[in-house]
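Peer 1: Quick one, work05.tsv (TSV, C-alpha atoms):
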```
chain	number	residue	atom	x	y	z
I	1	MET	CA	28.43	-13.77	-9.52
I	2	ALA	CA	25.87	-15.16	-7.18
I	3	PHE	CA	23.21	-13.85	-4.91
I	4	LEU	CA	23.73	-15.24	-1.45
I	5	ASP	CA	20.87	-14.36	0.84
I	6	LEU	CA	17.64	-12.41	0.87
I	7	PHE	CA	16.14	-11.09	4.04
I	8	ILE	CA	13.16	-8.88	4.66
I	9	VAL	CA	12.76	-6.78	7.79
I	10	ASN	CA	9.48	-5.21	8.84
I	11	LYS	CA	8.78	-1.73	10.19
I	12	SER	CA	9.56	-2.65	13.78
I	13	GLY	CA	12.82	-4.43	12.99
I	14	GLY	CA	11.60	-8.01	13.09
I	15	LEU	CA	12.72	-10.43	10.44
I	16	ILE	CA	9.76	-11.52	8.35
I	17	HIS	CA	11.51	-13.53	5.72
I	18	HIS	CA	14.86	-15.07	5.15
I	19	ARG	CA	16.05	-17.23	2.32
I	20	SER	CA	19.39	-18.40	1.07
I	21	LEU	CA	19.68	-18.10	-2.65
I	22	SER	CA	22.63	-20.33	-3.42
I	23	GLU	CA	24.74	-23.10	-1.89
I	24	LYS	CA	27.60	-20.65	-1.44
I	25	ALA	CA	25.52	-18.83	1.18
I	26	PRO	CA	26.77	-19.27	4.75
I	27	GLN	CA	24.92	-21.77	6.91
I	28	ILE	CA	23.47	-19.67	9.73
I	29	GLY	CA	20.73	-20.72	12.14
I	30	THR	CA	17.30	-19.07	12.30
I	31	ASN	CA	17.94	-17.33	15.61
I	32	GLU	CA	21.12	-15.87	14.24
I	33	TRP	CA	19.16	-14.55	11.26
I	34	LEU	CA	16.63	-12.93	13.56
I	35	ARG	CA	19.48	-11.19	15.31
I	36	ILE	CA	21.03	-10.12	12.01
I	37	GLY	CA	17.68	-8.71	10.90
I	38	SER	CA	17.18	-6.55	13.97
I	39	THR	CA	20.82	-5.48	14.06
I	40	PHE	CA	20.60	-4.34	10.49
I	41	HIS	CA	17.39	-2.46	11.25
I	42	SER	CA	19.10	-0.54	14.06
I	43	LEU	CA	22.23	0.13	12.03
I	44	HIS	CA	20.07	1.46	9.23
I	45	ALA	CA	18.41	3.90	11.59
I	46	ILE	CA	21.70	4.94	13.22
I	47	ALA	CA	23.29	5.50	9.83
I	48	ALA	CA	20.47	7.84	8.88
I	49	GLU	CA	20.95	9.84	12.10
I	50	ALA	CA	24.74	9.86	11.81
I	51	SER	CA	24.78	10.96	8.21
I	52	PRO	CA	26.47	14.35	7.72
I	53	VAL	CA	24.05	15.16	4.94
I	54	ARG	CA	20.42	14.84	6.01
I	55	GLY	CA	18.53	14.28	2.83
I	56	LYS	CA	15.17	12.60	2.48
I	57	ILE	CA	13.24	10.82	5.13
I	58	ASP	CA	14.18	7.39	3.87
I	59	ASP	CA	17.88	7.83	4.47
I	60	GLY	CA	19.81	4.84	5.67
I	61	ILE	CA	22.23	2.16	4.55
I	62	GLU	CA	21.85	1.46	0.85
I	63	LEU	CA	24.99	-0.44	0.00
I	64	ILE	CA	27.83	-2.10	1.88
I	65	GLU	CA	30.74	-3.26	-0.24
I	66	SER	CA	33.60	-5.32	1.03
I	67	GLU	CA	36.09	-7.77	-0.42
I	68	GLY	CA	34.00	-10.83	0.19
I	69	LEU	CA	30.50	-9.45	0.08
I	70	VAL	CA	28.13	-6.88	-1.31
I	71	LEU	CA	25.03	-6.03	0.69
I	72	CYS	CA	22.27	-3.98	-0.87
I	73	CYS	CA	19.23	-2.65	0.96
I	74	PHE	CA	16.04	-1.20	-0.45
I	75	GLN	CA	13.75	0.52	2.02
I	76	THR	CA	10.19	1.08	0.90
I	77	ARG	CA	8.22	4.19	1.84
I	78	THR	CA	6.14	1.96	4.07
I	79	GLY	CA	9.17	1.03	6.18
I	80	ILE	CA	9.93	-2.48	4.97
I	81	LYS	CA	13.55	-3.25	4.17
I	82	PHE	CA	14.49	-5.71	1.47
I	83	VAL	CA	18.12	-6.75	1.86
I	84	LEU	CA	20.16	-8.79	-0.56
I	85	THR	CA	23.67	-10.12	-0.07
I	86	ALA	CA	25.76	-11.23	-3.00
I	87	GLU	CA	29.28	-11.95	-4.13
I	88	PRO	CA	31.25	-8.90	-5.20
I	89	GLY	CA	30.73	-8.03	-8.83
I	90	THR	CA	27.12	-9.13	-8.99
I	91	GLY	CA	25.06	-6.67	-10.95
I	92	TYR	CA	21.43	-5.59	-10.93
I	93	LEU	CA	21.11	-5.65	-7.15
I	94	GLN	CA	18.71	-2.68	-6.97
I	95	LYS	CA	16.70	-4.03	-9.86
I	96	VAL	CA	16.36	-7.44	-8.28
I	97	LEU	CA	15.26	-5.86	-5.01
I	98	LYS	CA	12.55	-3.91	-6.78
I	99	GLU	CA	11.33	-7.04	-8.53
I	100	ILE	CA	11.22	-8.81	-5.19
I	101	TYR	CA	9.19	-5.89	-3.81
I	102	VAL	CA	6.67	-6.41	-6.63
I	103	ALA	CA	6.63	-10.14	-5.87
I	104	TYR	CA	5.95	-9.27	-2.22
I	105	THR	CA	2.99	-7.05	-3.14
I	106	ASP	CA	1.56	-9.57	-5.58
I	107	CYS	CA	2.06	-12.78	-3.64
I	108	ALA	CA	2.46	-12.07	0.05
I	109	LEU	CA	0.16	-9.03	0.42
I	110	LYS	CA	-2.62	-10.43	-1.69
I	111	ASP	CA	-2.66	-13.67	0.26
I	112	PRO	CA	-5.81	-13.31	2.40
I	113	PHE	CA	-4.26	-15.29	5.24
I	114	TYR	CA	-1.13	-13.19	5.44
I	115	GLU	CA	-1.08	-10.71	8.30
I	116	LEU	CA	1.01	-7.62	7.84
I	117	GLU	CA	4.34	-7.53	9.70
I	118	MET	CA	4.21	-11.30	10.29
I	119	PRO	CA	6.65	-13.86	8.83
I	120	ILE	CA	5.92	-14.60	5.22
I	121	ARG	CA	5.01	-18.21	4.56
I	122	CYS	CA	3.62	-18.12	1.05
I	123	GLU	CA	4.48	-20.74	-1.53
I	124	LEU	CA	3.65	-18.26	-4.32
I	125	PHE	CA	6.12	-15.77	-2.92
I	126	THR	CA	8.89	-18.39	-2.84
I	127	GLN	CA	8.17	-19.31	-6.44
I	128	ALA	CA	8.08	-15.68	-7.50
I	129	VAL	CA	11.48	-15.07	-5.91
I	130	ASN	CA	12.77	-18.16	-7.72
I	131	ASP	CA	11.53	-16.65	-10.97
I	132	VAL	CA	13.27	-13.37	-10.28
I	133	MET	CA	16.49	-15.24	-9.50
I	134	SER	CA	16.40	-17.26	-12.69
I	135	ARG	CA	15.67	-14.12	-14.71
I	136	PHE	CA	18.67	-12.34	-13.29
I	137	GLY	CA	20.89	-15.33	-13.81
I	138	ASN	CA	21.90	-16.79	-10.47
I	139	ARG	CA	24.67	-19.06	-11.55
Q	1	MET	CA	2.05	22.23	-14.57
Q	2	SER	CA	4.37	19.59	-15.99
Q	3	LYS	CA	4.57	17.86	-12.62
Q	4	SER	CA	0.83	17.18	-12.60
Q	5	ALA	CA	1.03	16.10	-16.22
Q	6	ASN	CA	3.71	13.61	-15.18
Q	7	ILE	CA	1.56	12.30	-12.37
Q	8	ALA	CA	-1.44	11.88	-14.68
Q	9	ALA	CA	0.72	10.12	-17.27
Q	10	ALA	CA	2.08	7.84	-14.57
Q	11	GLY	CA	-1.45	6.89	-13.57
Q	12	HIS	CA	-2.38	6.05	-17.14
Q	13	ALA	CA	0.78	4.00	-17.66
Q	14	LEU	CA	0.18	1.99	-14.50
Q	15	TRP	CA	-3.48	1.41	-15.42
Q	16	ALA	CA	-2.36	0.07	-18.78
Q	17	ASN	CA	-0.13	-2.47	-17.06
Q	18	THR	CA	-2.65	-3.63	-14.49
Q	19	PRO	CA	-4.56	-6.84	-15.20
Q	20	LYS	CA	-8.22	-5.98	-15.68
Q	21	VAL	CA	-11.43	-7.59	-14.57
Q	22	ASN	CA	-14.95	-7.17	-15.94
Q	23	THR	CA	-16.57	-3.99	-14.55
Q	24	GLU	CA	-19.95	-5.63	-14.16
Q	25	LEU	CA	-18.46	-8.53	-12.25
Q	26	PHE	CA	-16.71	-6.07	-9.97
Q	27	ALA	CA	-19.84	-4.01	-9.37
Q	28	LEU	CA	-22.07	-7.02	-8.79
Q	29	THR	CA	-19.57	-8.69	-6.46
Q	30	TYR	CA	-19.40	-5.52	-4.38
Q	31	GLY	CA	-23.18	-5.33	-4.40
Q	32	SER	CA	-23.50	-8.84	-3.05
Q	33	LEU	CA	-20.88	-8.04	-0.41
Q	34	ILE	CA	-23.04	-5.11	0.72
Q	35	THR	CA	-26.14	-7.32	0.82
Q	36	GLU	CA	-24.31	-9.90	2.91
Q	37	ILE	CA	-23.08	-7.31	5.38
Q	38	LEU	CA	-26.58	-5.84	5.64
Q	39	ARG	CA	-27.89	-9.28	6.43
Q	40	ASP	CA	-25.12	-9.96	8.96
Q	41	TYR	CA	-25.78	-6.74	10.85
Q	42	ASP	CA	-29.59	-6.87	10.63
Q	43	GLN	CA	-29.79	-3.76	8.48
Q	44	ASP	CA	-28.09	-1.59	11.08
Q	45	ILE	CA	-26.85	1.00	8.61
Q	46	SER	CA	-24.31	2.76	10.81
Q	47	GLU	CA	-22.70	-0.57	11.69
Q	48	VAL	CA	-22.57	-1.50	8.02
Q	49	ASN	CA	-20.78	1.77	7.25
Q	50	VAL	CA	-18.22	1.01	9.95
Q	51	GLN	CA	-17.63	-2.49	8.61
Q	52	LEU	CA	-17.18	-1.24	5.06
Q	53	GLU	CA	-14.60	1.22	6.30
Q	54	ARG	CA	-12.77	-1.57	8.15
Q	55	ILE	CA	-12.72	-3.76	5.06
Q	56	GLY	CA	-11.39	-0.83	3.09
Q	57	HIS	CA	-8.68	-0.31	5.69
Q	58	SER	CA	-7.35	-3.87	5.25
Q	59	ILE	CA	-7.32	-3.34	1.50
Q	60	GLY	CA	-5.65	0.04	1.75
Q	61	VAL	CA	-2.68	-1.10	3.82
Q	62	ARG	CA	-1.83	-3.54	1.02
Q	63	CYS	CA	-2.69	-1.32	-1.93
Q	64	VAL	CA	-0.14	1.30	-1.06
Q	65	ASP	CA	2.78	-1.13	-1.33
Q	66	GLU	CA	1.45	-2.32	-4.66
Q	67	LEU	CA	1.25	1.22	-5.97
Q	68	LEU	CA	4.79	2.01	-4.83
Q	69	ALA	CA	6.25	-1.29	-6.06
Q	70	LYS	CA	4.64	-1.25	-9.48
Q	71	SER	CA	5.64	2.32	-10.11
Q	72	GLU	CA	9.26	1.51	-9.20
Q	73	VAL	CA	9.54	-1.34	-11.66
Q	74	ASN	CA	7.78	0.60	-14.38
Q	75	GLY	CA	10.39	3.29	-14.12
Q	76	ILE	CA	7.93	5.83	-12.76
Q	77	ASN	CA	9.46	7.85	-10.02
Q	78	ILE	CA	6.91	9.09	-7.53
Q	79	PRO	CA	8.94	11.60	-5.56
Q	80	MET	CA	8.50	11.91	-1.81
Q	81	CYS	CA	5.47	14.15	-1.31
Q	82	ARG	CA	6.57	17.48	0.11
Q	83	ASP	CA	3.11	18.73	0.97
Q	84	LEU	CA	-0.45	17.54	1.27
Q	85	ARG	CA	-1.32	18.69	-2.23
Q	86	GLU	CA	1.19	16.25	-3.72
Q	87	THR	CA	-0.14	13.43	-1.56
Q	88	ALA	CA	-3.67	14.22	-2.71
Q	89	GLU	CA	-2.57	14.31	-6.34
Q	90	VAL	CA	-0.85	10.93	-6.06
Q	91	ILE	CA	-3.95	9.36	-4.50
Q	92	ALA	CA	-6.27	10.91	-7.06
Q	93	LYS	CA	-4.27	10.68	-10.25
Q	94	ILE	CA	-2.21	7.57	-9.66
Q	95	GLY	CA	-4.07	5.57	-7.02
Q	96	PHE	CA	-7.61	5.83	-8.32
Q	97	ARG	CA	-6.47	5.69	-11.93
Q	98	MET	CA	-4.27	2.64	-11.44
Q	99	PHE	CA	-6.65	0.52	-9.44
Q	100	LEU	CA	-10.01	1.56	-10.86
Q	101	GLY	CA	-9.30	3.32	-14.12
Q	102	VAL	CA	-11.37	6.32	-13.10
Q	103	ASN	CA	-10.66	9.99	-13.12
Q	104	CYS	CA	-10.47	11.66	-9.76
Q	105	ASP	CA	-9.96	15.33	-8.94
Q	106	VAL	CA	-8.57	17.10	-5.93
Q	107	GLY	CA	-10.20	20.15	-4.44
Q	108	LYS	CA	-10.84	22.28	-1.34
Q	109	LEU	CA	-7.25	21.93	-0.30
Q	110	THR	CA	-6.24	23.34	3.08
Q	111	ASP	CA	-3.05	22.53	4.90
Q	112	LYS	CA	-4.71	19.74	6.84
Q	113	SER	CA	-7.40	18.43	4.55
Q	114	PHE	CA	-8.52	17.93	1.00
Q	115	SER	CA	-11.43	16.61	-1.00
Q	116	LEU	CA	-11.48	14.01	-3.70
Q	117	TYR	CA	-14.13	14.21	-6.37
Q	118	LEU	CA	-15.15	11.10	-8.25
Q	119	SER	CA	-17.41	11.71	-11.19
Q	120	GLU	CA	-17.71	8.05	-12.10
Q	121	ASN	CA	-17.75	5.28	-9.57
Q	122	PRO	CA	-17.48	1.71	-10.89
Q	123	LEU	CA	-18.97	0.31	-7.69
Q	124	ASN	CA	-22.39	1.86	-8.03
Q	125	ILE	CA	-23.12	1.54	-11.72
Q	126	PHE	CA	-26.21	-0.61	-11.17
Q	127	VAL	CA	-27.23	0.75	-7.80
Q	128	GLU	CA	-30.23	2.66	-6.57
Q	129	LEU	CA	-30.90	3.19	-2.90
Q	130	PRO	CA	-34.44	2.17	-1.92
Q	131	SER	CA	-36.63	5.09	-0.92
Q	132	MET	CA	-38.52	5.05	2.37
Q	133	SER	CA	-42.14	4.25	1.73
Q	134	GLU	CA	-44.74	6.31	3.61
Q	135	ASP	CA	-46.49	3.45	5.41
Q	136	GLU	CA	-43.24	2.02	6.74
Q	137	GLY	CA	-42.59	5.28	8.49
Q	138	GLY	CA	-39.66	5.03	10.83
Q	139	SER	CA	-39.49	1.26	11.08
Q	140	GLY	CA	-37.40	0.50	8.01
Q	141	PRO	CA	-33.70	1.29	7.77
Q	142	ASP	CA	-32.82	4.80	6.66
Q	143	TRP	CA	-31.19	4.04	3.34
Q	144	ASN	CA	-29.99	7.59	2.95
Q	145	GLN	CA	-27.52	6.95	5.75
Q	146	LEU	CA	-25.90	4.08	3.85
Q	147	LYS	CA	-22.49	5.10	2.55
Q	148	TYR	CA	-22.45	2.64	-0.29
Q	149	SER	CA	-18.87	3.26	-1.36
Q	150	ASN	CA	-17.51	3.76	2.14
Q	151	ILE	CA	-14.88	1.18	1.31
Q	152	TYR	CA	-12.93	3.94	-0.46
Q	153	CYS	CA	-12.65	5.87	2.79
Q	154	GLY	CA	-11.13	2.84	4.47
Q	155	VAL	CA	-8.74	2.26	1.60
Q	156	ILE	CA	-7.45	5.82	1.77
Q	157	ARG	CA	-7.11	5.70	5.55
Q	158	GLY	CA	-5.25	2.38	5.46
Q	159	ALA	CA	-2.96	3.43	2.66
Q	160	LEU	CA	-1.96	6.72	4.27
Q	161	GLU	CA	-1.43	5.01	7.62
Q	162	GLN	CA	1.29	2.89	6.06
Q	163	VAL	CA	3.14	6.03	5.03
Q	164	ASN	CA	2.82	7.57	8.48
Q	165	LEU	CA	-0.13	9.88	7.87
Q	166	LYS	CA	-3.04	9.38	10.21
Q	167	VAL	CA	-6.20	10.59	8.51
Q	168	GLU	CA	-9.94	10.56	8.85
Q	169	CYS	CA	-11.95	10.03	5.72
Q	170	SER	CA	-15.61	10.37	5.03
Q	171	PHE	CA	-18.07	10.56	2.20
Q	172	VAL	CA	-19.71	13.97	2.17
Q	173	ARG	CA	-21.57	13.84	-1.10
Q	174	ASP	CA	-22.85	10.75	-2.84
Q	175	VAL	CA	-24.39	10.36	-6.27
Q	176	LEU	CA	-26.70	7.69	-4.89
Q	177	ARG	CA	-28.24	10.23	-2.57
Q	178	GLY	CA	-28.89	12.69	-5.35
Q	179	ASP	CA	-25.76	14.87	-5.38
Q	180	GLU	CA	-24.01	15.49	-8.71
Q	181	VAL	CA	-20.64	14.18	-7.69
Q	182	ASN	CA	-19.09	11.82	-5.15
Q	183	GLU	CA	-16.97	13.74	-2.67
Q	184	ILE	CA	-14.64	12.21	-0.12
Q	185	ARG	CA	-13.27	14.52	2.54
Q	186	VAL	CA	-9.86	13.59	3.97
Q	187	ASN	CA	-8.64	15.24	7.20
Q	188	VAL	CA	-5.09	14.77	8.40
Q	189	LYS	CA	-5.05	14.05	12.13
Q	190	GLU	CA	-1.33	13.69	12.63
Q	191	VAL	CA	1.90	12.82	10.94
Q	192	LEU	CA	3.28	9.78	12.75
Q	193	ALA	CA	6.95	9.64	13.63
Q	194	GLU	CA	9.24	7.53	11.46
Q	195	GLY	CA	10.17	4.15	12.95
Q	196	ALA	CA	13.42	3.46	14.73
Q	197	GLY	CA	15.12	6.74	14.13
Q	198	GLU	CA	13.42	8.27	17.14
Q	199	ASP	CA	15.43	6.11	19.54
Q	200	TYR	CA	18.72	7.30	18.17
Q	201	HIS	CA	18.16	11.04	18.17
Q	202	GLU	CA	20.83	13.03	19.95
Q	203	GLU	CA	19.62	14.23	23.32
```
Here is a file; write its structure as C-alpha cells.
Peer 2:
Amino acid sequence: MAFLDLFIVNKSGGLIHHRSLSEKAPQIGTNEWLRIGSTFHSLHAIAAEASPVRGKIDDGIELIESEGLVLCCFQTRTGIKFVLTAEPGTGYLQKVLKEIYVAYTDCALKDPFYELEMPIRCELFTQAVNDVMSRFGNR
Amino acid sequence: MSKSANIAAAGHALWANTPKVNTELFALTYGSLITEILRDYDQDISEVNVQLERIGHSIGVRCVDELLAKSEVNGINIPMCRDLRETAEVIAKIGFRMFLGVNCDVGKLTDKSFSLYLSENPLNIFVELPSMSEDEGGSGPDWNQLKYSNIYCGVIRGALEQVNLKVECSFVRDVLRGDEVNEIRVNVKEVLAEGAGEDYHEE
C-alpha cells in the first residue's frame, strides 16, 4: 500500500510540482512529467464536458482505478489540481490530498518569494509533504 | 436561517484553529507599513491608496486557498455559492472571522453588488487621521482621502479573482473619517469563464 507519485497542475495546465513518493514509483523524466501534467489537465476538462450528468462547476476526473494503479485527483475551487497515484488498495487518498492542499497553502503560498502558478521550490513544502506521508503510513 | 448559522459556526471554528498573533503587534506593524508607504510616495495619498490595494491583492489571492483548504480539513463543507448573497456571507462570516476574528455583516445586496460592514477593525485601533491645520491650507496632504484600511479591498478583489469573479471594491465609509461604521462596497464586474473547459465545448 504505497503512494507512488504526487503532481500538482496549475490553472492553465502547467505542471508546478512533481514528486515521487516511494522507490516503487516509475522512473520518468521531467519533460515526460510536464506532458503528463498537461495531458491530465485536458482530460479532466474533457471528462467534465463529456459527462452525461452535468453537476457542479468543478466536475472532472476524480478517481481512476485500474489493476496496477489508483489515481486520485482533487481540484480546488481556485483551479489547482492535486493528483496522487498509488498502488491499488491504498486508503485515505482524498484525505491525503486535502492535507497536501493545506501544506500548499501554509508553505508554498506563504513563501514571499513564491509566485503563483510557478513551479514550487520550497523546502518547507517538501518537508510538509514528507510529514503527511509519514502520518498516513507510506510503507 | 440554519444555513447562515452554519456559516457563522464555521467561521468561529476556523478562527479557533488559526494561530493567533498579538493584536497590538498587528496594528502597529500595519501602521508602520502605512508610514513607510507614505514616505516612499512622498505623501501622495491617492498613490498610497492604490499601493495598499495592490498589496491587499497579493494577499487575497493566497488567502482564498487557505480558507478553502483549512475548511476542507476541518470537516467544514463550504458549498459552491449559488448566488452573490452566499459569496458575501462566506466572505463576511468565514473570511473575516477566520483571519481577523471580527464580526462582519452583509448589506445592501443587489444582484451585482453588496456591502460589508465592519464594526470593529483591528488595523485602526490606535489610529487617528491628522486634521488639516488652517495655516497649512492646501499645501499639506488631504488626510481625509487616505483609505487607511484599503488593504481589505485588495484582499477581497484578489480572493474573488481566484474563484473567477472579477470585482471592484472600495471603502465608502470609514470610522477614521467620522462615520459610525466601516463600509466596503463590492461590485461584480464579470464572472470569468472556467479554465480549459471552454476549448472543449461542442460547437
Peer 1: Using all atoms listed in the file, which residue out of Q:Gln162, Q:Thr110, Q:Asn74, Q:Gln145 lies closest to chain I?
Peer 2: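 Nearest to chain I: Q:Gln162.
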Peer 1: Could you give me, as a tab-separated table, a per-residue list for chain I showing, wherever an atom lies at most 9 Å from an atom of chain Q, the closest pair of atoms and their distance in Å to one decimal, using all atoms listed in the file and sorting by chain then residue number from low to high?
Peer 2:
```
residue	atom	partner	partner_atom	distance
I:Lys11	CA	Q:Gly195	CA	6.6
I:Ser12	CA	Q:Gly195	CA	6.9
I:Gly13	CA	Q:Ala196	CA	8.1
I:His41	CA	Q:Ala196	CA	7.9
I:Ser42	CA	Q:Ala196	CA	7.0
I:His44	CA	Q:Gly197	CA	8.7
I:Ala45	CA	Q:Gly197	CA	5.0
I:Ile46	CA	Q:Tyr200	CA	6.2
I:Ala48	CA	Q:Gly197	CA	7.6
I:Glu49	CA	Q:His201	CA	6.8
I:Lys56	CA	Q:Met80	CA	8.0
I:Ile57	CA	Q:Glu194	CA	8.2
I:Thr76	CA	Q:Leu68	CA	7.9
I:Arg77	CA	Q:Val163	CA	6.3
I:Thr78	CA	Q:Val163	CA	5.1
I:Gly79	CA	Q:Gly195	CA	7.5
I:Lys95	CA	Q:Val73	CA	7.9
I:Lys98	CA	Q:Val73	CA	6.3
I:Glu99	CA	Q:Val73	CA	6.7
I:Tyr101	CA	Q:Ala69	CA	5.9
I:Val102	CA	Q:Ala69	CA	5.2
I:Ala103	CA	Q:Ala69	CA	8.9
I:Tyr104	CA	Q:Glu66	CA	8.6
I:Thr105	CA	Q:Glu66	CA	5.2
I:Asp106	CA	Q:Glu66	CA	7.3
I:Leu109	CA	Q:Arg62	CA	5.9
I:Lys110	CA	Q:Arg62	CA	7.4
I:Leu116	CA	Q:Arg62	CA	8.4
```
Peer 1: Segment 27-39 of chain Q, all listed atoms, 8 Å padding on each side: what axis-aligned box centre and edge lengths in Å to one decimal come out, as AutoDock Vina command-line options?
Peer 2:
```
--center_x -23.6 --center_y -7.0 --center_z -1.5 --size_x 24.5 --size_y 21.9 --size_z 31.8
```
Peer 1: Contacts of Val102 of chain Q at 9 Å or less, counting only C-alpha atoms, minus same-chain residues fewer than 2 places along, as a list in words?
Peer 2: Lys93, Phe96, Arg97, Met98, Phe99, Leu100, Cys104, Leu118, Ser119, Glu120, Asn121 and Pro122 of chain Q
Peer 1: List the neighbours of Ile7 of chain Q out to 10 Å using all atoms listed in the file; skip same-chain residues closer than 5 positions along the sequence, and give me the result as a list in words.
Peer 2: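 In the requested format, the answer is Ser2, His12, Ala13, Ile76, Asn77, Ile78, Glu86, Glu89, Val90, Ala92, Lys93 and Ile94 of chain Q.
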Peer 1: For the residues selected in the previous step, produce a file with C-alpha atoms as a short mmCIF file (atom, residue, chain, number, x, y, z; two decimals), in the frame of the given file.
Peer 2:
```cif
data_model
loop_
_atom_site.label_atom_id
_atom_site.label_comp_id
_atom_site.auth_asym_id
_atom_site.auth_seq_id
_atom_site.Cartn_x
_atom_site.Cartn_y
_atom_site.Cartn_z
CA SER Q 2 4.37 19.59 -15.99
CA HIS Q 12 -2.38 6.05 -17.14
CA ALA Q 13 0.78 4.00 -17.66
CA ILE Q 76 7.93 5.83 -12.76
CA ASN Q 77 9.46 7.85 -10.02
CA ILE Q 78 6.91 9.09 -7.53
CA GLU Q 86 1.19 16.25 -3.72
CA GLU Q 89 -2.57 14.31 -6.34
CA VAL Q 90 -0.85 10.93 -6.06
CA ALA Q 92 -6.27 10.91 -7.06
CA LYS Q 93 -4.27 10.68 -10.25
CA ILE Q 94 -2.21 7.57 -9.66
#
```
Peer 1: Could you tell me how far atom CA of Ala193 of chain Q lies from atom CA of Leu165 of chain Q, in Å and to one decimal?
Peer 2: 9.1 Å
Peer 1: If I take atom CA of Tyr92 of chain I and atom CA of Cys122 of chain I, how far is one from the other in Å, to one decimal?
Peer 2: 24.9 Å
Peer 1: Could you state the separation of atom CA of Phe126 of chain Q and atom CA of Ala88 of chain Q in Å, given to one decimal place?
Peer 2: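 So the two atoms, atom CA of Phe126 of chain Q and atom CA of Ala88 of chain Q, lie 28.3 Å apart.
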Peer 1: What's around Leu38 of chain Q at 12 Å? Count all atoms listed in the file, leave out sequence neighbours fewer than 5 positions away in its own chain, and write the answer as a PyMOL selection string.
Peer 2: chain Q and resi 31-33+43-52+141+143+146+148
Peer 1: With C-alpha atoms retained, could you export that selection as a CSV table (one decimal), keeping the file's coordinate frame?
Peer 2:
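The resulting part_35.csv:
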```csv
chain,number,residue,atom,x,y,z
Q,31,GLY,CA,-23.2,-5.3,-4.4
Q,32,SER,CA,-23.5,-8.8,-3.0
Q,33,LEU,CA,-20.9,-8.0,-0.4
Q,43,GLN,CA,-29.8,-3.8,8.5
Q,44,ASP,CA,-28.1,-1.6,11.1
Q,45,ILE,CA,-26.8,1.0,8.6
Q,46,SER,CA,-24.3,2.8,10.8
Q,47,GLU,CA,-22.7,-0.6,11.7
Q,48,VAL,CA,-22.6,-1.5,8.0
Q,49,ASN,CA,-20.8,1.8,7.2
Q,50,VAL,CA,-18.2,1.0,10.0
Q,51,GLN,CA,-17.6,-2.5,8.6
Q,52,LEU,CA,-17.2,-1.2,5.1
Q,141,PRO,CA,-33.7,1.3,7.8
Q,143,TRP,CA,-31.2,4.0,3.3
Q,146,LEU,CA,-25.9,4.1,3.8
Q,148,TYR,CA,-22.4,2.6,-0.3
```
Peer 1: Tell me which protein, DNA and RNA residues are within 10 Å of Ile156 of chain Q, counting all atoms listed in the file, leaving out same-chain ones fewer than 2 positions away, and put them as a ChimeraX atom specification.
Peer 2: /Q:53,56-57,59-61,63-64,91,95,151-154,158-161,167-170,184,186
Peer 1: Can I get the residues of segment 23-123 of chain I within 7 Å of segment 2-8 of chain I, each with the closest pair of atoms and their distance in Å to one decimal, using all atoms listed in the file, sorted chain first then ascending number, as CSV?
Peer 2:
```
residue,atom,partner,partner_atom,distance
I:Lys24,CA,I:Leu4,CA,6.7
I:Ala25,CA,I:Leu4,CA,4.8
I:Lys81,CA,I:Ile8,CA,5.7
I:Phe82,CA,I:Ile8,CA,4.7
I:Val83,CA,I:Phe7,CA,5.2
I:Leu84,CA,I:Leu6,CA,4.6
I:Thr85,CA,I:Asp5,CA,5.2
I:Ala86,CA,I:Phe3,CA,4.1
I:Glu87,CA,I:Ala2,CA,5.6
I:Thr90,CA,I:Ala2,CA,6.4
```
Peer 1: Please work out which residues fall within 8 Å of (21.2, 3.7, 4.7), coordinates as given in the file, with only C-alpha atoms counting, and return them as an mmCIF file with C-alpha atoms, in the coordinates of the input.
Peer 2:
```cif
data_model
loop_
_atom_site.group_PDB
_atom_site.id
_atom_site.type_symbol
_atom_site.label_atom_id
_atom_site.label_comp_id
_atom_site.auth_asym_id
_atom_site.auth_seq_id
_atom_site.Cartn_x
_atom_site.Cartn_y
_atom_site.Cartn_z
ATOM 1 C CA HIS I 44 20.070 1.460 9.230
ATOM 2 C CA ALA I 45 18.410 3.900 11.590
ATOM 3 C CA ALA I 47 23.290 5.500 9.830
ATOM 4 C CA ALA I 48 20.470 7.840 8.880
ATOM 5 C CA ASP I 58 14.180 7.390 3.870
ATOM 6 C CA ASP I 59 17.880 7.830 4.470
ATOM 7 C CA GLY I 60 19.810 4.840 5.670
ATOM 8 C CA ILE I 61 22.230 2.160 4.550
ATOM 9 C CA GLU I 62 21.850 1.460 0.850
ATOM 10 C CA LEU I 63 24.990 -0.440 0.000
ATOM 11 C CA CYS I 73 19.230 -2.650 0.960
#
```
Peer 1: Using all atoms listed in the file, which of the listed residues (I:Ile100, I:Arg19, I:Pro88, I:Ile80) sits closest to Met118 of chain I?
Peer 2: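 Answer, going by the shortest atom-to-atom distance: I:Ile80.
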Peer 1: Taking (-20.3, 8.3, 1.6) in the file's coordinates, which residues come within 7 Å, counting all atoms listed in the file, written as an MDAnalysis selection string?
Peer 2: chainID Q and resid 147:150 170:174
Peer 1: How would segment 30-34 of chain I look written as a compact mmCIF listing (two decimals), in the first residue's frame with N, CA, C and O atoms?
Peer 2:
```txt
# COMPACT_ATOMS: atom_id res chain seq x y z
N THR I 30 11.69 14.53 -16.42
CA THR I 30 10.92 15.75 -16.13
C THR I 30 10.02 16.16 -17.28
O THR I 30 8.87 16.55 -17.07
N ASN I 31 10.56 16.09 -18.51
CA ASN I 31 9.75 16.50 -19.66
C ASN I 31 8.51 15.65 -19.80
O ASN I 31 7.43 16.12 -20.12
N GLU I 32 8.71 14.34 -19.54
CA GLU I 32 7.59 13.43 -19.60
C GLU I 32 6.53 13.82 -18.58
O GLU I 32 5.34 13.79 -18.83
N TRP I 33 6.99 14.23 -17.39
CA TRP I 33 6.05 14.64 -16.34
C TRP I 33 5.28 15.88 -16.75
O TRP I 33 4.10 16.02 -16.48
N LEU I 34 5.98 16.80 -17.42
CA LEU I 34 5.30 18.02 -17.88
C LEU I 34 4.18 17.65 -18.84
O LEU I 34 3.08 18.18 -18.77
```
